[in-house]
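Trainee: One file: run-v3.cif (mmCIF, C-alpha atoms).
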data_coords
#
loop_
_atom_site.group_PDB
_atom_site.id
_atom_site.type_symbol
_atom_site.label_atom_id
_atom_site.label_comp_id
_atom_site.auth_asym_id
_atom_site.auth_seq_id
_atom_site.Cartn_x
_atom_site.Cartn_y
_atom_site.Cartn_z
ATOM 1 C CA GLY A 256 171.560 196.651 71.332
ATOM 2 C CA ASP A 257 172.175 200.361 70.916
ATOM 3 C CA SER A 258 170.488 201.994 67.958
ATOM 4 C CA VAL A 259 169.521 205.330 66.437
ATOM 5 C CA THR A 260 166.416 205.907 64.340
ATOM 6 C CA GLN A 261 166.099 208.985 62.172
ATOM 7 C CA MET A 262 163.196 210.496 60.339
ATOM 8 C CA GLU A 263 162.892 209.100 56.847
ATOM 9 C CA GLY A 264 163.984 211.379 54.077
ATOM 10 C CA PRO A 265 164.544 212.980 51.789
ATOM 11 C CA VAL A 266 163.378 216.320 53.115
ATOM 12 C CA THR A 267 162.822 219.154 50.654
ATOM 13 C CA LEU A 268 162.267 222.709 51.876
ATOM 14 C CA SER A 269 162.196 226.218 50.541
ATOM 15 C CA GLU A 270 164.758 228.722 51.781
ATOM 16 C CA GLU A 271 163.841 230.302 55.144
ATOM 17 C CA ALA A 272 161.542 227.414 56.080
ATOM 18 C CA PHE A 273 161.643 225.773 59.508
ATOM 19 C CA LEU A 274 163.478 222.470 59.751
ATOM 20 C CA THR A 275 162.941 219.525 62.057
ATOM 21 C CA ILE A 276 164.686 216.178 61.655
ATOM 22 C CA ASN A 277 163.556 213.658 64.233
ATOM 23 C CA CYS A 278 165.976 211.344 65.990
ATOM 24 C CA THR A 279 165.273 208.765 68.686
ATOM 25 C CA TYR A 280 167.672 206.354 70.294
ATOM 26 C CA THR A 281 167.900 203.143 72.271
ATOM 27 C CA ALA A 282 170.887 202.698 74.567
ATOM 28 C CA THR A 283 171.788 200.544 77.529
ATOM 29 C CA GLY A 284 173.649 203.333 79.311
ATOM 30 C CA TYR A 285 173.748 207.122 79.272
ATOM 31 C CA PRO A 286 175.015 208.110 75.865
ATOM 32 C CA SER A 287 176.336 211.304 74.417
ATOM 33 C CA LEU A 288 174.349 212.383 71.371
ATOM 34 C CA PHE A 289 175.634 213.960 68.188
ATOM 35 C CA TRP A 290 174.484 215.432 64.917
ATOM 36 C CA TYR A 291 176.932 215.128 62.057
ATOM 37 C CA VAL A 292 176.543 216.749 58.636
ATOM 38 C CA GLN A 293 177.939 215.468 55.343
ATOM 39 C CA TYR A 294 178.165 217.873 52.423
ATOM 40 C CA PRO A 295 178.395 216.419 48.902
ATOM 41 C CA GLY A 296 181.713 214.713 48.265
ATOM 42 C CA GLU A 297 183.001 215.299 51.774
ATOM 43 C CA GLY A 298 183.442 213.426 55.025
ATOM 44 C CA LEU A 299 181.242 213.874 58.063
ATOM 45 C CA GLN A 300 181.621 216.961 60.219
ATOM 46 C CA LEU A 301 180.371 217.402 63.751
ATOM 47 C CA LEU A 302 177.459 219.831 63.777
ATOM 48 C CA LEU A 303 176.581 219.754 67.476
ATOM 49 C CA LYS A 304 176.507 217.468 70.464
ATOM 50 C CA ALA A 305 175.064 217.051 73.958
ATOM 51 C CA THR A 306 176.563 214.895 76.669
ATOM 52 C CA LYS A 307 173.814 214.682 79.281
ATOM 53 C CA ALA A 308 170.069 214.944 79.702
ATOM 54 C CA ASP A 309 168.523 218.390 79.096
ATOM 55 C CA ASP A 310 171.694 219.707 77.472
ATOM 56 C CA LYS A 311 171.134 221.730 74.329
ATOM 57 C CA GLY A 312 173.692 221.588 71.556
ATOM 58 C CA SER A 313 173.791 224.430 69.063
ATOM 59 C CA ASN A 314 175.854 225.525 66.089
ATOM 60 C CA LYS A 315 175.300 227.547 62.892
ATOM 61 C CA GLY A 316 171.662 228.179 63.842
ATOM 62 C CA PHE A 317 170.946 224.488 64.409
ATOM 63 C CA GLU A 318 169.794 223.235 67.814
ATOM 64 C CA ALA A 319 169.009 219.916 69.443
ATOM 65 C CA THR A 320 168.007 219.122 73.031
ATOM 66 C CA TYR A 321 168.847 215.847 74.766
ATOM 67 C CA ARG A 322 165.498 214.511 76.025
ATOM 68 C CA LYS A 323 166.036 211.494 78.213
ATOM 69 C CA GLU A 324 162.329 211.004 78.959
ATOM 70 C CA THR A 325 161.502 210.621 75.269
ATOM 71 C CA THR A 326 164.942 209.274 74.252
ATOM 72 C CA SER A 327 165.094 211.897 71.527
ATOM 73 C CA PHE A 328 167.513 214.416 70.060
ATOM 74 C CA HIS A 329 165.595 216.224 67.315
ATOM 75 C CA LEU A 330 167.484 218.658 65.095
ATOM 76 C CA GLU A 331 165.887 222.058 64.421
ATOM 77 C CA LYS A 332 166.697 225.228 62.553
ATOM 78 C CA GLY A 333 164.450 228.230 62.324
ATOM 79 C CA SER A 334 165.352 229.359 58.813
ATOM 80 C CA VAL A 335 167.225 227.084 56.446
ATOM 81 C CA GLN A 336 169.477 228.222 53.640
ATOM 82 C CA VAL A 337 170.401 226.618 50.322
ATOM 83 C CA SER A 338 173.872 226.001 51.773
ATOM 84 C CA ASP A 339 172.329 223.719 54.433
ATOM 85 C CA SER A 340 171.593 221.112 51.762
ATOM 86 C CA ALA A 341 173.435 218.014 52.956
ATOM 87 C CA VAL A 342 172.948 214.662 54.648
ATOM 88 C CA TYR A 343 172.399 214.810 58.410
ATOM 89 C CA PHE A 344 173.302 211.932 60.722
ATOM 90 C CA CYS A 345 172.225 211.462 64.301
ATOM 91 C CA ALA A 346 174.580 209.358 66.407
ATOM 92 C CA LEU A 347 175.204 208.175 69.936
ATOM 93 C CA SER A 348 178.302 207.211 71.846
ATOM 94 C CA LEU A 349 178.484 205.395 75.147
ATOM 95 C CA GLY A 350 180.964 205.996 77.907
ATOM 96 C CA ALA A 351 183.264 203.569 79.680
ATOM 97 C CA GLY A 352 182.536 199.890 79.867
ATOM 98 C CA GLY A 353 181.926 197.083 77.416
ATOM 99 C CA THR A 354 182.826 196.722 73.784
ATOM 100 C CA SER A 355 180.674 199.703 72.841
ATOM 101 C CA TYR A 356 183.112 202.085 74.502
ATOM 102 C CA GLY A 357 184.445 204.602 72.036
ATOM 103 C CA LYS A 358 182.070 203.650 69.217
ATOM 104 C CA LEU A 359 179.611 205.874 67.428
ATOM 105 C CA THR A 360 176.308 204.329 66.443
ATOM 106 C CA PHE A 361 174.765 206.228 63.523
ATOM 107 C CA GLY A 362 171.258 206.630 62.228
ATOM 108 C CA GLN A 363 170.621 206.027 58.551
ATOM 109 C CA GLY A 364 170.980 209.680 57.584
ATOM 110 C CA THR A 365 168.449 212.206 56.294
ATOM 111 C CA ILE A 366 168.969 213.979 52.993
ATOM 112 C CA LEU A 367 168.000 217.650 53.145
ATOM 113 C CA THR A 368 167.544 219.703 49.995
ATOM 114 C CA VAL A 369 166.792 223.424 50.272
ATOM 115 C CA HIS A 370 165.513 225.277 47.212
ATOM 116 C CA PRO A 371 165.892 229.035 46.655
ATOM 117 C CA ASP B 68 195.965 221.105 62.147
ATOM 118 C CA ALA B 69 195.663 219.258 58.833
ATOM 119 C CA GLY B 70 192.810 217.055 59.994
ATOM 120 C CA VAL B 71 192.486 213.383 59.170
ATOM 121 C CA ILE B 72 194.229 212.563 55.911
ATOM 122 C CA GLN B 73 193.182 209.688 53.677
ATOM 123 C CA SER B 74 194.698 208.380 50.490
ATOM 124 C CA PRO B 75 193.929 207.757 47.775
ATOM 125 C CA ARG B 76 190.765 209.837 47.381
ATOM 126 C CA HIS B 77 189.566 207.646 44.550
ATOM 127 C CA GLU B 78 190.524 204.102 43.658
ATOM 128 C CA VAL B 79 189.301 202.076 40.709
ATOM 129 C CA THR B 80 190.424 198.480 40.519
ATOM 130 C CA GLU B 81 189.431 195.172 39.006
ATOM 131 C CA MET B 82 187.902 192.298 40.848
ATOM 132 C CA GLY B 83 190.511 190.094 42.488
ATOM 133 C CA GLN B 84 193.076 192.832 42.956
ATOM 134 C CA GLU B 85 194.468 193.896 46.308
ATOM 135 C CA VAL B 86 193.446 197.334 47.538
ATOM 136 C CA THR B 87 195.141 199.283 50.325
ATOM 137 C CA LEU B 88 193.574 202.379 51.839
ATOM 138 C CA ARG B 89 195.626 204.672 54.050
ATOM 139 C CA CYS B 90 194.850 206.988 56.912
ATOM 140 C CA LYS B 91 196.795 209.487 58.972
ATOM 141 C CA PRO B 92 194.880 210.511 62.102
ATOM 142 C CA ILE B 93 195.048 213.876 63.801
ATOM 143 C CA SER B 94 198.261 214.127 65.776
ATOM 144 C CA GLY B 95 197.758 213.199 69.431
ATOM 145 C CA HIS B 96 194.488 211.339 68.909
ATOM 146 C CA ASP B 97 194.433 207.894 70.460
ATOM 147 C CA TYR B 98 191.361 206.377 68.799
ATOM 148 C CA LEU B 99 191.144 205.524 65.106
ATOM 149 C CA PHE B 100 188.042 204.239 63.321
ATOM 150 C CA TRP B 101 187.387 202.780 59.873
ATOM 151 C CA TYR B 102 183.889 203.115 58.409
ATOM 152 C CA ARG B 103 182.262 202.060 55.167
ATOM 153 C CA GLN B 104 179.391 203.984 53.595
ATOM 154 C CA THR B 105 177.030 202.613 50.948
ATOM 155 C CA MET B 106 173.577 203.602 49.815
ATOM 156 C CA MET B 107 172.162 200.252 50.837
ATOM 157 C CA ARG B 108 173.729 199.889 54.287
ATOM 158 C CA GLY B 109 174.502 203.448 55.303
ATOM 159 C CA LEU B 110 177.509 204.014 57.592
ATOM 160 C CA GLU B 111 179.042 200.902 59.073
ATOM 161 C CA LEU B 112 181.862 200.757 61.601
ATOM 162 C CA LEU B 113 184.385 198.203 60.414
ATOM 163 C CA ILE B 114 187.068 198.312 63.099
ATOM 164 C CA TYR B 115 188.550 200.655 65.644
ATOM 165 C CA PHE B 116 191.865 201.012 67.440
ATOM 166 C CA ASN B 117 192.892 202.514 70.751
ATOM 167 C CA ASN B 118 196.570 203.354 71.160
ATOM 168 C CA ASN B 119 197.300 201.344 67.991
ATOM 169 C CA VAL B 120 195.609 198.205 69.359
ATOM 170 C CA PRO B 121 192.486 196.828 67.617
ATOM 171 C CA ILE B 122 189.619 196.943 70.099
ATOM 172 C CA ASP B 123 186.623 195.804 68.087
ATOM 173 C CA ASP B 124 186.758 194.296 64.606
ATOM 174 C CA SER B 125 183.292 192.779 64.665
ATOM 175 C CA GLY B 126 182.246 194.985 61.763
ATOM 176 C CA MET B 127 184.864 193.645 59.376
ATOM 177 C CA PRO B 128 182.768 191.849 56.790
ATOM 178 C CA GLU B 129 185.042 188.963 55.853
ATOM 179 C CA ASP B 130 188.552 187.599 56.097
ATOM 180 C CA ARG B 131 189.294 189.466 52.890
ATOM 181 C CA PHE B 132 189.405 192.637 54.985
ATOM 182 C CA SER B 133 192.282 193.422 57.312
ATOM 183 C CA ALA B 134 193.419 196.551 59.121
ATOM 184 C CA LYS B 135 196.650 197.514 60.802
ATOM 185 C CA MET B 136 197.949 200.414 62.814
ATOM 186 C CA PRO B 137 201.722 200.052 63.059
ATOM 187 C CA ASN B 138 202.147 203.395 64.815
ATOM 188 C CA ALA B 139 200.141 206.300 66.161
ATOM 189 C CA SER B 140 200.224 208.232 62.907
ATOM 190 C CA PHE B 141 199.327 205.636 60.307
ATOM 191 C CA SER B 142 196.726 202.979 59.600
ATOM 192 C CA THR B 143 195.841 200.834 56.612
ATOM 193 C CA LEU B 144 192.741 198.976 55.524
ATOM 194 C CA LYS B 145 193.442 196.214 53.053
ATOM 195 C CA ILE B 146 191.032 194.228 50.907
ATOM 196 C CA GLN B 147 192.410 191.105 49.263
ATOM 197 C CA PRO B 148 190.971 189.957 46.945
ATOM 198 C CA SER B 149 188.558 192.779 46.160
ATOM 199 C CA GLU B 150 185.030 192.159 44.878
ATOM 200 C CA PRO B 151 182.479 194.470 43.190
ATOM 201 C CA ARG B 152 180.336 194.470 46.359
ATOM 202 C CA ASP B 153 183.225 196.153 48.188
ATOM 203 C CA SER B 154 182.566 199.318 46.156
ATOM 204 C CA ALA B 155 181.836 202.048 48.695
ATOM 205 C CA VAL B 156 183.257 205.148 50.330
ATOM 206 C CA TYR B 157 185.620 204.269 53.153
ATOM 207 C CA PHE B 158 186.113 206.808 55.916
ATOM 208 C CA CYS B 159 188.744 207.014 58.572
ATOM 209 C CA ALA B 160 188.078 208.988 61.750
ATOM 210 C CA SER B 161 190.065 209.764 64.875
ATOM 211 C CA SER B 162 189.282 211.036 68.341
ATOM 212 C CA LEU B 163 191.040 212.000 71.537
ATOM 213 C CA GLY B 164 190.388 210.335 74.834
ATOM 214 C CA GLN B 165 187.188 208.781 75.993
ATOM 215 C CA GLY B 166 184.385 207.448 73.847
ATOM 216 C CA LYS B 167 182.076 210.417 74.314
ATOM 217 C CA ASN B 168 184.478 212.730 72.577
ATOM 218 C CA THR B 169 184.078 213.984 69.036
ATOM 219 C CA GLN B 170 185.240 211.883 66.139
ATOM 220 C CA TYR B 171 186.882 213.782 63.280
ATOM 221 C CA PHE B 172 186.416 212.294 59.845
ATOM 222 C CA GLY B 173 188.678 212.268 56.849
ATOM 223 C CA PRO B 174 187.404 213.069 53.350
ATOM 224 C CA GLY B 175 187.008 209.412 52.469
ATOM 225 C CA THR B 176 188.269 207.078 49.749
ATOM 226 C CA ARG B 177 185.790 206.237 47.019
ATOM 227 C CA LEU B 178 186.516 202.651 45.958
ATOM 228 C CA THR B 179 185.135 201.181 42.762
ATOM 229 C CA VAL B 180 185.757 197.521 42.054
ATOM 230 C CA LEU B 181 184.923 196.547 38.477
#
Would you give me this structure, written as structure tokens?
Mentor:
Amino acid sequence: GDSVTQMEGPVTLSEEAFLTINCTYTATGYPSLFWYVQYPGEGLQLLLKATKADDKGSNKGFEATYRKETTSFHLEKGSVQVSDSAVYFCALSLGAGGTSYGKLTFGQGTILTVHP
Amino acid sequence: DAGVIQSPRHEVTEMGQEVTLRCKPISGHDYLFWYRQTMMRGLELLIYFNNNVPIDDSGMPEDRFSAKMPNASFSTLKIQPSEPRDSAVYFCASSLGQGKNTQYFGPGTRLTVL
């Protein structure tokens, strides 16, 4: 079945460090890929997305490129801030057809803590 | 737009009691999703609706769980009877149109069953 595997956490970084959170997926079709972020005590918010191969999603300094050949969608940021501390979820969604239509399949989440 | 609204934000109840969680999706959205989040199991999709019709309830853990969407602006998730292992954060999300579109999440209901 469809699945998303994220880099094990937690990840602890100093402010201004470079961030990578790995995400790979398995899907029967051609999914859209998402990164969601969950701040403490809140619901999930969309961070960025990409809907087809080689697309790059970007937002708030975060980037991720849809790599079909490696079935990956790694999240990167060049210089993290304390305010980026949160849980990050990679997810996929398939298009029309089958019972998976309309569903998001999430990875297990990666906790990021950024220290001053 | 007010976003997805969930109530209550926190619920503490005793084992065996009935619990009802409520969700108001974003106006105009035609998909509504219920998720459960725990430390052990992460985020799990329980059920989702399209145009008020349940499409996939394969994630509903047991017959104790039921969900309804009587109209486009309201959905409930009911647990009867509740058990301590049901303690979790329950999220509602909604989206517009096809499955590749963004889901917008509510703030969640933190349920504690004693």
Trainee: Of the residues A:Glu297, A:Asp257, A:Asp309, A:Glu270, which is the one nearest to chain B, using all atoms listed in the file?
Mentor: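 The shortest atom-to-atom distance to chain B comes from A:Glu297.
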Trainee: Skipping near chain neighbours, those fewer than 2 positions away, what residues fall within 9 Å of Asn119 (chain B) using all atoms listed in the file, listed as a ChimeraX atom specification?
Mentor: /B:97-99,116-117,121,135-139,142
Trainee: Take the PyMOL selection byres ((chain B) within 12 of (chain A)), run it mentally on this structure, and tell me the resulting residues as a ChimeraX atom specification.
Mentor: /B:70-73,76-77,97-117,121-126,156-177
Trainee: Could you state the separation of CA of Pro265 (chain A) and CA of Lys307 (chain A) in Å, given to one decimal place?
Mentor: 29.1 Å
Trainee: Box for region 142-156 of chain B - axis-aligned, 8 Å on each of the six sides, all listed atoms - centre and size in Å to one decimal, as JSON.
Mentor:
{"center_x": 188.5, "center_y": 197.6, "center_z": 51.4, "size_x": 32.4, "size_y": 31.2, "size_z": 32.4}
Trainee: Which residues, written as a VMD selection string, have at least one atom at most 10 Å from Glu150 (chain B), with all atoms listed in the file counted and residues fewer than 6 positions away on the same chain left out?
Mentor: chain B and resid 80 to 85 131 179 to 181
Trainee: Which of these residues is nearest to Thr279 (chain A), using only C-alpha atoms: A:Val337, A:Val292, A:Cys345, A:Val266?
Mentor: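 Counting only C-alpha atoms, the residue closest to Thr279 (chain A) is A:Cys345.
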Trainee: With the file shown as input, list the residues that the PyMOL selection byres ((chain A and resi 269) around 10) selects, as a list in words.
Mentor: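 After applying the PyMOL selection byres ((chain A and resi 269) around 10), what remains is Thr267, Leu268, Glu270, Glu271, Ala272, Phe273, Ser334, Val335, Gln336, Val337, Thr368, Val369, His370 and Pro371 of chain A.
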Trainee: Would you work out the distance separating CA of Lys315 (chain A) from CA of Trp290 (chain A), expressed in Å to one decimal?
Mentor: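 Between these atoms lies a distance of 12.3 Å.
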Trainee: Decode the PyMOL selection byres ((chain A and resi 318-330) around 6) for the given file into explicit residues and return them as a PyMOL selection string.
Mentor: chain A and resi 275-280+308-313+317+331
Trainee: One number please: CA of Thr365 (chain A) to CA of Glu129 (chain B), in Å, one decimal.
Mentor: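 Going from CA of Thr365 (chain A) over to CA of Glu129 (chain B) covers 28.6 Å.
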